[in-house]
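Undergrad: To be precise about what I am sending: the file is called model.cif and holds mmCIF, C-alpha atoms.
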```
data_query
loop_
_atom_site.label_atom_id
_atom_site.label_comp_id
_atom_site.auth_asym_id
_atom_site.auth_seq_id
_atom_site.Cartn_x
_atom_site.Cartn_y
_atom_site.Cartn_z
CA MET A 1 -21.09 -34.87 -33.00
CA ARG A 2 -18.59 -36.13 -35.52
CA GLN A 3 -14.96 -35.41 -35.94
CA THR A 4 -13.58 -35.35 -39.47
CA ASN A 5 -10.35 -37.08 -40.41
CA ALA A 6 -8.57 -33.76 -40.30
CA GLY A 7 -9.57 -33.43 -36.65
CA ARG A 8 -11.94 -30.50 -37.24
CA TRP A 9 -15.62 -30.27 -36.30
CA SER A 10 -18.30 -30.19 -38.98
CA LEU A 11 -20.41 -27.01 -39.09
CA PRO A 12 -23.54 -28.18 -37.16
CA GLU A 13 -21.33 -29.65 -34.42
CA ALA A 14 -19.30 -26.50 -34.15
CA GLY A 15 -22.53 -24.52 -33.77
CA ALA A 16 -23.75 -26.83 -30.99
CA THR A 17 -20.41 -26.51 -29.20
CA ARG A 18 -20.52 -22.72 -29.43
CA GLY A 19 -24.08 -22.76 -28.08
CA ALA A 20 -23.09 -24.96 -25.15
CA LEU A 21 -20.10 -22.75 -24.40
CA ALA A 22 -22.28 -19.62 -24.50
CA LYS A 23 -24.77 -21.25 -22.09
CA SER A 24 -21.99 -22.34 -19.75
CA PHE A 25 -20.55 -18.80 -19.77
CA THR A 26 -23.97 -17.31 -18.96
CA VAL A 27 -24.57 -19.77 -16.12
CA ALA A 28 -21.07 -19.28 -14.74
CA THR A 29 -21.51 -15.49 -14.79
CA ALA A 30 -24.91 -15.74 -13.09
CA LEU A 31 -23.55 -17.99 -10.36
CA TRP A 32 -20.34 -16.02 -9.75
CA PRO A 33 -20.45 -14.92 -6.11
CA ALA A 34 -20.38 -11.17 -5.52
CA LEU A 35 -18.15 -9.46 -2.95
CA ALA A 36 -19.13 -10.25 0.62
CA TRP A 37 -18.16 -7.11 2.65
CA ALA A 38 -18.69 -9.38 5.63
CA HIS A 39 -18.15 -7.05 8.59
CA VAL A 40 -14.52 -7.97 9.28
CA GLY A 41 -13.21 -4.99 11.23
CA GLN A 42 -15.78 -2.24 11.48
CA GLY A 43 -14.90 0.91 9.52
CA ARG A 44 -11.66 -0.56 8.15
CA ALA A 45 -12.68 -1.19 4.55
CA GLU A 46 -14.35 2.21 4.12
CA GLY A 47 -11.38 3.86 5.84
CA PHE A 48 -8.99 2.31 3.31
CA LEU A 49 -11.20 3.16 0.36
CA ALA A 50 -11.70 6.73 1.59
CA GLY A 51 -7.94 7.16 1.98
CA LEU A 52 -7.28 5.59 -1.42
CA SER A 53 -9.79 7.79 -3.21
CA HIS A 54 -8.99 11.05 -1.40
CA PRO A 55 -5.77 12.02 -3.20
CA VAL A 56 -7.37 11.33 -6.59
CA SER A 57 -10.64 13.10 -5.78
CA GLY A 58 -9.31 16.62 -6.48
CA LEU A 59 -7.74 17.52 -9.81
CA ASP A 60 -5.52 20.16 -8.17
CA HIS A 61 -3.92 17.46 -5.99
CA VAL A 62 -3.59 14.98 -8.84
CA LEU A 63 -1.91 17.48 -11.17
CA ALA A 64 0.62 18.52 -8.53
CA MET A 65 1.45 14.93 -7.57
CA VAL A 66 1.95 13.91 -11.19
CA ALA A 67 3.96 17.10 -11.87
CA VAL A 68 6.34 16.13 -9.02
CA GLY A 69 6.93 12.81 -10.76
CA LEU A 70 7.42 14.51 -14.15
CA TRP A 71 9.88 17.00 -12.69
CA GLY A 72 11.76 14.24 -10.88
CA ALA A 73 12.10 12.34 -14.17
CA GLN A 74 13.38 15.49 -15.91
CA LEU A 75 15.92 16.12 -13.15
CA GLY A 76 17.16 12.52 -13.34
CA ALA A 77 19.13 10.72 -10.61
CA PRO A 78 19.24 11.18 -7.67
CA ALA A 79 16.08 13.37 -7.71
CA ILE A 80 14.05 10.71 -9.54
CA TRP A 81 14.29 8.39 -6.54
CA LEU A 82 14.89 10.92 -3.77
CA LEU A 83 11.56 12.68 -4.31
CA PRO A 84 9.35 9.57 -4.04
CA VAL A 85 11.25 8.52 -0.88
CA THR A 86 10.97 11.88 0.91
CA PHE A 87 7.71 13.32 -0.47
CA PRO A 88 5.31 10.85 1.25
CA MET A 89 6.90 11.57 4.63
CA VAL A 90 6.76 15.36 4.23
CA MET A 91 3.21 15.17 2.96
CA ALA A 92 2.26 12.92 5.85
CA PHE A 93 3.77 15.49 8.21
CA GLY A 94 1.31 18.04 6.76
CA GLY A 95 -1.46 15.47 7.10
CA MET A 96 -0.50 14.97 10.75
CA LEU A 97 -0.81 18.72 11.36
CA GLY A 98 -4.23 18.72 9.69
CA LEU A 99 -5.43 15.71 11.68
CA ALA A 100 -4.15 17.20 14.93
CA GLY A 101 -6.11 20.38 14.24
CA VAL A 102 -3.06 22.64 13.76
CA PRO A 103 -4.26 25.44 11.46
CA LEU A 104 -2.33 26.37 8.33
CA PRO A 105 -3.20 29.57 6.45
CA GLY A 106 -3.84 29.74 2.69
CA VAL A 107 -3.97 26.00 2.09
CA GLU A 108 -6.11 26.12 -1.06
CA ALA A 109 -4.07 28.96 -2.58
CA ALA A 110 -0.80 27.16 -1.81
CA ILE A 111 -2.07 23.96 -3.42
CA ALA A 112 -3.09 25.87 -6.56
CA LEU A 113 0.23 27.74 -6.56
CA SER A 114 2.06 24.42 -6.39
CA GLY A 115 0.39 23.44 -9.65
CA VAL A 116 1.50 26.71 -11.28
CA LEU A 117 5.12 26.53 -10.08
CA LEU A 118 5.63 22.80 -10.62
CA GLY A 119 4.03 23.08 -14.06
CA LEU A 120 6.33 26.00 -14.96
CA ALA A 121 9.34 24.06 -13.65
CA VAL A 122 8.47 21.16 -15.97
CA LEU A 123 7.75 23.55 -18.87
CA ALA A 124 11.08 25.35 -18.45
CA GLU A 125 13.00 22.16 -17.56
CA PHE A 126 14.18 24.14 -14.55
CA ARG A 127 17.22 22.48 -12.95
CA PRO A 128 17.93 23.99 -9.53
CA PRO A 129 20.35 22.34 -7.06
CA LEU A 130 18.80 19.26 -5.50
CA PRO A 131 18.25 20.81 -2.02
CA VAL A 132 16.35 23.71 -3.64
CA ALA A 133 14.15 21.34 -5.66
CA ALA A 134 13.51 19.23 -2.55
CA ALA A 135 12.68 22.37 -0.52
CA ILE A 136 10.17 23.60 -3.14
CA VAL A 137 8.47 20.21 -3.36
CA GLY A 138 8.57 19.68 0.41
CA PHE A 139 7.09 23.10 1.14
CA PHE A 140 4.05 22.46 -1.02
CA ALA A 141 3.76 18.84 0.15
CA VAL A 142 2.96 20.10 3.64
CA PHE A 143 -0.06 22.02 2.30
CA HIS A 144 -1.31 19.09 0.23
CA GLY A 145 -0.99 16.80 3.23
CA HIS A 146 -2.72 19.28 5.51
CA ALA A 147 -5.72 19.53 3.17
CA HIS A 148 -6.07 15.75 3.18
CA GLY A 149 -5.61 15.52 6.94
CA VAL A 150 -8.45 17.87 7.86
CA GLU A 151 -10.88 15.92 5.65
CA LEU A 152 -10.69 12.53 7.38
CA PRO A 153 -14.25 11.21 7.16
CA ALA A 154 -16.06 10.56 10.43
CA GLY A 155 -16.15 6.93 11.51
CA ALA A 156 -13.29 5.88 9.26
CA SER A 157 -10.40 3.87 10.67
CA GLY A 158 -7.41 6.19 10.99
CA LEU A 159 -4.93 3.41 10.24
CA THR A 160 -6.55 2.06 7.09
CA TYR A 161 -7.35 5.61 5.89
CA SER A 162 -3.65 6.45 6.28
CA ILE A 163 -2.58 3.33 4.41
CA GLY A 164 -4.94 4.06 1.51
CA PHE A 165 -3.91 7.72 1.44
CA VAL A 166 -0.17 6.98 1.32
CA VAL A 167 -0.56 4.21 -1.26
CA ALA A 168 -2.63 6.44 -3.58
CA THR A 169 -0.16 9.33 -3.25
CA GLY A 170 2.78 7.04 -3.94
CA LEU A 171 1.07 5.56 -6.98
CA LEU A 172 0.39 9.04 -8.36
CA HIS A 173 4.10 9.83 -8.07
CA ALA A 174 4.97 6.54 -9.68
CA GLY A 175 2.57 7.38 -12.51
CA GLY A 176 4.24 10.77 -12.96
CA ILE A 177 7.71 9.22 -12.97
CA GLY A 178 6.52 6.54 -15.41
CA ILE A 179 5.21 9.18 -17.80
CA GLY A 180 8.34 11.27 -17.24
CA LEU A 181 10.55 8.46 -18.53
CA ILE A 182 9.68 9.58 -22.08
CA HIS A 183 12.16 12.37 -21.35
CA ARG A 184 14.90 10.25 -22.92
CA TRP A 185 13.47 10.91 -26.41
CA THR A 186 13.40 14.31 -28.14
CA TRP A 187 9.66 14.14 -28.82
CA GLY A 188 9.18 13.01 -25.24
CA ARG A 189 10.92 16.11 -23.90
CA LEU A 190 8.63 18.32 -25.96
CA LEU A 191 5.59 16.38 -24.80
CA LEU A 192 6.66 16.69 -21.17
CA ARG A 193 7.13 20.43 -21.50
CA GLY A 194 3.67 20.61 -23.04
CA ALA A 195 2.28 18.64 -20.11
CA GLY A 196 4.02 21.08 -17.77
CA ALA A 197 2.32 23.97 -19.55
CA CYS A 198 -1.08 22.25 -19.12
CA VAL A 199 -0.41 21.75 -15.38
CA ALA A 200 0.61 25.39 -14.99
CA VAL A 201 -2.55 26.62 -16.79
CA ALA A 202 -4.75 24.35 -14.69
CA GLY A 203 -2.94 25.55 -11.55
CA GLY A 204 -3.62 29.12 -12.62
CA TYR A 205 -7.31 28.33 -12.93
CA PHE A 206 -7.39 26.79 -9.44
CA LEU A 207 -5.47 29.78 -8.07
CA TRP A 208 -8.00 32.19 -9.61
CA ARG A 209 -10.80 30.09 -8.13
CA ALA A 210 -9.14 30.10 -4.67
CA PHE A 211 -9.28 33.87 -4.59
CA ALA A 212 -12.61 34.30 -6.40
CA MET B 1 -18.85 -39.40 -26.12
CA THR B 2 -19.49 -36.39 -28.36
CA VAL B 3 -17.98 -32.98 -27.73
CA ALA B 4 -21.39 -31.42 -27.07
CA THR B 5 -22.07 -34.03 -24.37
CA ARG B 6 -18.69 -33.36 -22.81
CA VAL B 7 -19.33 -29.61 -22.81
CA ARG B 8 -22.80 -30.13 -21.25
CA ARG B 9 -21.31 -32.34 -18.53
CA SER B 10 -18.58 -29.77 -17.93
CA LEU B 11 -21.31 -27.15 -17.66
CA VAL B 12 -23.06 -29.15 -14.92
CA VAL B 13 -19.77 -29.69 -13.06
CA ALA B 14 -18.85 -26.01 -13.37
CA ALA B 15 -22.28 -24.90 -12.20
CA THR B 16 -22.06 -27.22 -9.21
CA LEU B 17 -18.63 -25.92 -8.29
CA LEU B 18 -19.73 -22.32 -8.63
CA LEU B 19 -22.87 -22.69 -6.52
CA PRO B 20 -22.16 -20.55 -3.45
CA ALA B 21 -22.06 -22.55 -0.23
CA THR B 22 -23.30 -21.18 3.06
CA ALA B 23 -21.35 -17.99 3.59
CA HIS B 24 -20.33 -18.04 7.29
CA ALA B 25 -19.61 -14.41 6.62
CA HIS B 26 -19.08 -13.10 10.12
CA LEU B 27 -15.56 -14.38 10.70
CA VAL B 28 -15.14 -12.16 13.72
CA ASN B 29 -17.92 -14.13 15.42
CA THR B 30 -17.37 -17.62 14.08
CA GLY B 31 -13.57 -17.59 13.85
CA LEU B 32 -11.43 -20.03 11.93
CA GLY B 33 -10.28 -21.93 14.97
CA PRO B 34 -7.61 -20.54 17.31
CA PHE B 35 -4.55 -21.56 15.29
CA TYR B 36 -5.88 -20.29 11.97
CA ASP B 37 -7.15 -17.08 13.59
CA GLY B 38 -3.51 -16.59 14.55
CA VAL B 39 -2.32 -17.46 11.04
CA SER B 40 -4.69 -14.90 9.50
CA HIS B 41 -3.77 -12.29 12.12
CA PHE B 42 -1.21 -10.45 9.97
CA ALA B 43 -3.58 -10.29 7.01
CA LEU B 44 -6.17 -8.49 9.15
CA THR B 45 -3.91 -6.42 11.41
CA PRO B 46 -1.73 -3.91 9.54
CA GLU B 47 -0.59 -2.42 12.87
CA ASP B 48 1.38 -5.66 13.44
CA PHE B 49 2.08 -6.59 9.83
CA LEU B 50 3.81 -3.36 8.76
CA PRO B 51 6.34 -3.13 11.64
CA ALA B 52 7.22 -6.81 11.15
CA LEU B 53 7.68 -6.20 7.43
CA ALA B 54 9.80 -3.10 8.11
CA LEU B 55 12.04 -5.05 10.50
CA ALA B 56 12.50 -7.77 7.86
CA PHE B 57 13.37 -5.11 5.26
CA LEU B 58 15.79 -3.43 7.66
CA ALA B 59 17.59 -6.70 8.38
CA GLY B 60 17.58 -7.62 4.68
CA GLN B 61 19.14 -4.26 3.78
CA ARG B 62 22.04 -5.03 6.11
CA GLY B 63 22.75 -8.40 4.51
CA SER B 64 22.25 -12.09 5.03
CA GLN B 65 23.70 -12.34 8.55
CA PRO B 66 21.24 -9.95 10.24
CA GLY B 67 18.50 -11.49 8.08
CA ARG B 68 19.22 -14.97 9.39
CA ALA B 69 19.49 -13.76 12.97
CA LEU B 70 16.18 -11.88 12.73
CA LEU B 71 14.51 -15.06 11.52
CA PHE B 72 14.74 -16.41 15.07
CA ALA B 73 15.04 -13.23 17.15
CA LEU B 74 11.79 -11.58 16.03
CA PRO B 75 9.47 -14.62 16.31
CA GLY B 76 11.22 -15.53 19.58
CA ALA B 77 10.67 -12.09 21.08
CA TRP B 78 7.10 -12.02 19.77
CA LEU B 79 6.44 -15.41 21.38
CA ALA B 80 7.98 -14.39 24.71
CA GLY B 81 5.98 -11.15 24.73
CA GLY B 82 2.86 -13.06 23.74
CA VAL B 83 3.23 -15.55 26.59
CA ALA B 84 3.70 -12.64 29.01
CA GLY B 85 0.54 -11.06 27.60
CA LEU B 86 -1.41 -14.30 27.95
CA LEU B 87 -0.32 -14.71 31.56
CA PHE B 88 -0.44 -11.09 32.69
CA PRO B 89 -2.84 -9.20 30.42
CA ALA B 90 -2.94 -5.51 31.30
CA ILE B 91 -3.36 -3.58 28.05
CA SER B 92 -4.28 -4.98 24.65
CA SER B 93 -3.89 -1.84 22.55
CA ALA B 94 -1.31 0.94 22.47
CA ILE B 95 -1.62 3.38 19.60
CA ALA B 96 1.52 5.20 20.77
CA LEU B 97 3.61 2.04 20.43
CA THR B 98 2.23 1.35 16.96
CA THR B 99 2.97 4.93 15.91
CA VAL B 100 6.54 4.83 17.23
CA SER B 101 7.16 1.45 15.52
CA PHE B 102 5.91 2.75 12.18
CA ILE B 103 7.85 6.02 12.24
CA LEU B 104 11.12 4.64 13.66
CA LEU B 105 11.34 1.54 11.48
CA GLY B 106 9.99 3.33 8.38
CA VAL B 107 12.59 6.12 8.63
CA LEU B 108 15.40 3.60 9.20
CA VAL B 109 14.37 1.60 6.12
CA ALA B 110 13.87 4.76 4.01
CA ALA B 111 17.33 6.01 5.01
CA GLU B 112 18.85 2.53 4.52
CA ALA B 113 20.48 3.11 7.89
CA ARG B 114 23.83 1.39 8.37
CA LEU B 115 23.02 -0.37 11.64
CA GLY B 116 24.99 -3.21 13.14
CA THR B 117 23.45 -6.64 13.58
CA GLY B 118 23.22 -6.08 17.33
CA VAL B 119 21.18 -2.90 16.91
CA VAL B 120 18.80 -4.54 14.42
CA LEU B 121 18.29 -7.47 16.78
CA SER B 122 17.79 -5.17 19.77
CA LEU B 123 15.07 -3.33 17.86
CA ALA B 124 13.51 -6.67 16.93
CA VAL B 125 13.51 -7.86 20.54
CA VAL B 126 12.01 -4.63 21.92
CA ILE B 127 9.41 -4.00 19.22
CA GLY B 128 8.59 -7.68 18.69
CA GLY B 129 8.26 -8.19 22.45
CA PHE B 130 5.85 -5.27 22.82
CA HIS B 131 3.70 -6.23 19.83
CA GLY B 132 3.70 -9.84 21.04
CA TYR B 133 2.62 -8.74 24.50
CA LEU B 134 -0.32 -6.79 23.05
CA ASN B 135 -1.29 -9.80 20.92
CA GLY B 136 -1.10 -12.12 23.92
CA ALA B 137 -3.20 -9.80 26.07
CA ALA B 138 -5.82 -9.47 23.31
CA MET B 139 -5.86 -13.25 22.84
CA SER B 140 -6.29 -13.75 26.54
CA GLU B 141 -9.42 -11.57 26.37
CA ALA B 142 -10.66 -13.41 23.27
CA LYS B 143 -9.93 -16.84 24.83
CA LEU B 144 -7.77 -17.85 21.87
CA GLY B 145 -4.97 -19.02 24.12
CA ALA B 146 -1.59 -20.40 23.13
CA LEU B 147 -2.81 -21.91 19.86
CA GLY B 148 -3.62 -18.47 18.46
CA LEU B 149 -0.21 -17.20 19.50
CA THR B 150 1.41 -20.21 17.83
CA GLY B 151 -0.37 -19.33 14.60
CA ILE B 152 0.90 -15.75 14.79
CA VAL B 153 4.51 -16.73 15.47
CA THR B 154 4.49 -19.37 12.72
CA THR B 155 3.23 -16.85 10.18
CA LEU B 156 5.74 -14.29 11.41
CA PHE B 157 8.58 -16.76 10.80
CA VAL B 158 7.40 -17.29 7.22
CA LEU B 159 6.88 -13.55 6.67
CA VAL B 160 10.35 -12.64 7.94
CA SER B 161 11.96 -15.43 5.90
CA LEU B 162 10.35 -14.31 2.66
CA ALA B 163 10.71 -10.54 3.11
CA ALA B 164 14.29 -10.49 4.42
CA ALA B 165 15.46 -13.03 1.83
CA MET B 166 13.81 -11.03 -0.95
CA VAL B 167 15.67 -7.87 0.08
CA VAL B 168 19.01 -9.67 0.55
CA ALA B 169 18.66 -11.12 -2.96
CA ILE B 170 18.01 -7.76 -4.65
CA ARG B 171 20.79 -6.88 -7.09
CA VAL B 172 19.27 -4.13 -9.23
CA PRO B 173 19.54 -0.53 -7.90
CA TRP B 174 15.86 0.27 -8.45
CA GLY B 175 14.94 -2.75 -6.30
CA ARG B 176 16.74 -1.27 -3.31
CA ILE B 177 15.07 2.09 -4.00
CA ALA B 178 11.67 0.36 -4.04
CA VAL B 179 12.41 -1.03 -0.56
CA ARG B 180 13.35 2.45 0.66
CA VAL B 181 10.15 3.87 -0.84
CA ALA B 182 8.21 1.17 1.04
CA GLY B 183 9.96 2.31 4.22
CA SER B 184 9.00 5.92 3.58
CA TRP B 185 5.39 4.85 3.08
CA ILE B 186 5.43 3.03 6.44
CA ALA B 187 6.91 6.12 8.14
CA ALA B 188 4.28 8.32 6.43
CA ILE B 189 1.50 6.05 7.70
CA GLY B 190 3.02 6.36 11.18
CA LEU B 191 3.03 10.17 10.97
CA LEU B 192 -0.61 10.17 9.91
CA LEU B 193 -1.42 7.80 12.77
CA LEU B 194 0.28 10.21 15.14
CA GLY B 195 -1.94 13.02 13.85
CA TRP B 196 -4.95 10.76 14.16
CA SER B 197 -4.13 9.99 17.80
CA LEU B 198 -3.75 13.74 18.50
CA ARG B 199 -7.02 14.54 16.73
CA PRO B 200 -9.22 16.83 18.80
CA GLY B 201 -12.61 15.42 19.79
#
```
In structure tokens, how does this file's structure come out?
TA:
Amino acid sequence: MRQTNAGRWSLPEAGATRGALAKSFTVATALWPALAWAHVGQGRAEGFLAGLSHPVSGLDHVLAMVAVGLWGAQLGAPAIWLLPVTFPMVMAFGGMLGLAGVPLPGVEAAIALSGVLLGLAVLAEFRPPLPVAAAIVGFFAVFHGHAHGVELPAGASGLTYSIGFVVATGLLHAGGIGIGLIHRWTWGRLLLRGAGACVAVAGGYFLWRAFA
Amino acid sequence: MTVATRVRRSLVVAATLLLPATAHAHLVNTGLGPFYDGVSHFALTPEDFLPALALAFLAGQRGSQPGRALLFALPGAWLAGGVAGLLFPAISSAIALTTVSFILLGVLVAAEARLGTGVVLSLAVVIGGFHGYLNGAAMSEAKLGALGLTGIVTTLFVLVSLAAAMVVAIRVPWGRIAVRVAGSWIAAIGLLLLGWSLRPG
């Protein structure tokens, strides 16, 4: 290969270089080691993954979690940080009841209703006193947690399932709060209210399905 | 040497480096050697890692003085408990202790509780001593001995240094909120663990 005075490669040399790079990329990809899953701690990895995927596996849960974040962002401080601090603990309390086998009536209907009410709250930019907002969110959090608690898969590690579950729930809230930050702009407020309407409609559908 | 030759040689070197060596996949069986098994302990054992992290956060929230004191109190208590566990192994697992550690420390961090240095250190001594004892008893069963315990305590010292110093250094309000959220997550995990331990069947 030759280098010109200007320091650039002539066309045939550039082609050869590209070919060599393409080959090296192919070989490197072929030789890249895959994940090992090498039996470190039986049931731990699947427990974590099951916990991580559980809160995002049902659209009714996802919508409610995100709506909590959206509402928190609309309400502003201190709700915007108080809700993500308290919600995981209240939800975990519901999960504890579910895991312990304590029955709770109307779980599916309450979860669907949470979507309707939280969606309407976002749509109407409802601003109740902070304790009232916390009570509404906390009440429904118990039902969401309970539903997750009773569905712990057999053989999964309780600890790693719990870690995955809490992390996924927290990240959903964070996502909702992140989206809710568009509230500072006029178009953002309209968009948020529209999102609230969508959540409320979806919640209505789940509510209808819960009773169908 | 032409560029094409250099690229081809690089290709051979890269391919050689990327060739997978023998896997030795079953770390539980082969181990990394007692000291490094201890060093990797916190990466594989969230039931010890999260309470230690919560204690470091709690001390960091209260300022640099409790943070510095915890740096020696927690590894010291863990070591003392571990030696007791090595010498007098009775139980090597206690789900109730783990659950209490998670809930208590998580709630305190989430509430950013205004505790005195003495209270933080007392918590560190009690909780660190118990966790250390369980580690020591488990290591006695696994024949890892004092070297494994040394690895754990060394890593704990580094973990506490980094976590407590990070929290002490936080100046932005959202940073302190993030620490409190982490505390609430640890408490939530503890509550779920409690439900798991009460699970029928």
Undergrad: Using Å and a single decimal, report how far CA of Leu70 (chain A) sits from CA of Ala141 (chain A).
TA: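 The value is 15.4 Å.
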Undergrad: I want to know what sits within 8 Å of Leu120 (chain A), based on only C-alpha atoms, with residues of the same chain fewer than 5 positions away left out; could you give that as a ChimeraX atom specification?
TA: /A:196-197,199-200
Undergrad: Would you kindly report the residues of chain A within 6 Å of chain B, using all atoms listed in the file, as a PDB file with C-alpha atoms, in the frame of the given file?
TA:
```pdb
ATOM      1  CA  MET A   1     -21.090 -34.870 -33.000  1.00  0.00           C
ATOM      2  CA  THR A  17     -20.410 -26.510 -29.200  1.00  0.00           C
ATOM      3  CA  SER A  24     -21.990 -22.340 -19.750  1.00  0.00           C
ATOM      4  CA  ALA A  38     -18.690  -9.380   5.630  1.00  0.00           C
ATOM      5  CA  VAL A  85      11.250   8.520  -0.880  1.00  0.00           C
ATOM      6  CA  PRO A  88       5.310  10.850   1.250  1.00  0.00           C
ATOM      7  CA  MET A  89       6.900  11.570   4.630  1.00  0.00           C
ATOM      8  CA  ALA A  92       2.260  12.920   5.850  1.00  0.00           C
ATOM      9  CA  MET A  96      -0.500  14.970  10.750  1.00  0.00           C
ATOM     10  CA  LEU A  99      -5.430  15.710  11.680  1.00  0.00           C
ATOM     11  CA  ALA A 100      -4.150  17.200  14.930  1.00  0.00           C
ATOM     12  CA  SER A 162      -3.650   6.450   6.280  1.00  0.00           C
ATOM     13  CA  ILE A 163      -2.580   3.330   4.410  1.00  0.00           C
TER      14      ILE A 163
END
```
Undergrad: When you draw a straight line from CA of Val172 (chain B) to CA of Leu55 (chain B), how long is it in Å?
TA: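 About the pair CA of Val172 (chain B) and CA of Leu55 (chain B): they are 21.0 Å apart.
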Undergrad: Do you have the CA of Val166 (chain A)-CA of Leu52 (chain A) distance handy?
TA: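 Atom-to-atom, CA of Val166 (chain A) and CA of Leu52 (chain A) are spaced 7.7 Å apart.
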Undergrad: I need the output of the PyMOL selection byres ((chain A and resi 73-84) around 8) for this file as a VMD selection string; which residues are they?
TA: (chain A and resid 68 to 72 85 to 88 122 125 127 130 134 170 173 to 174 177 180 to 181 183) or (chain B and resid 177 181)
Undergrad: Report as a PyMOL selection string the residues that result from applying the PyMOL selection byres ((chain B and resi 39) around 7) to the structure here.
TA: chain B and resi 35-38+40-41+151-152+155
Undergrad: Pick out the closest residue to Pro75 (chain B) from this set: B:Leu121, B:Leu97, B:Met139, B:Ile170. Count all atoms listed in the file.
TA: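 Among B:Leu121, B:Leu97, B:Met139, B:Ile170, it is B:Leu121 that comes nearest to Pro75 (chain B).
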Undergrad: Find the residue from A:Gly47, A:Gly101, A:Val116, A:Glu108 that sits nearest to Ala212 (chain A); use all atoms listed in the file when measuring.
TA: A:Glu108
Undergrad: Enumerate, as a list of chain:residue names, the residues matched when the PyMOL selection byres ((chain B and resi 90) around 12) is run on the file above.
TA: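 For this structure, the PyMOL selection byres ((chain B and resi 90) around 12) resolves to B:Ala84, B:Gly85, B:Leu86, B:Leu87, B:Phe88, B:Pro89, B:Ile91, B:Ser92, B:Ser93, B:Ala94, B:Tyr133, B:Leu134, B:Asn135, B:Gly136, B:Ala137, B:Ala138, B:Met139, B:Ser140, B:Glu141.
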Undergrad: For Ser157 (chain A), which residue out of A:Tyr205, A:Phe48, A:Phe93, A:Phe140 is the nearest one, using only C-alpha atoms?
TA: A:Phe48
Undergrad: Which residues, written as a PyMOL selection string, have at least one atom at most 9 Å from Arg114 (chain B), with all atoms listed in the file counted and residues fewer than 5 positions away on the same chain left out?
TA: chain B and resi 61-62+108
Undergrad: Build an axis-aligned box that encloses every atom of region 159-176 of chain B listed in the file, pad it by 6 Å on each side, and report its centre and edge lengths in Å to one decimal, as JSON.
TA:
```
{"center_x": 13.8, "center_y": -7.6, "center_z": -0.6, "size_x": 25.9, "size_y": 27.7, "size_z": 29.2}
```
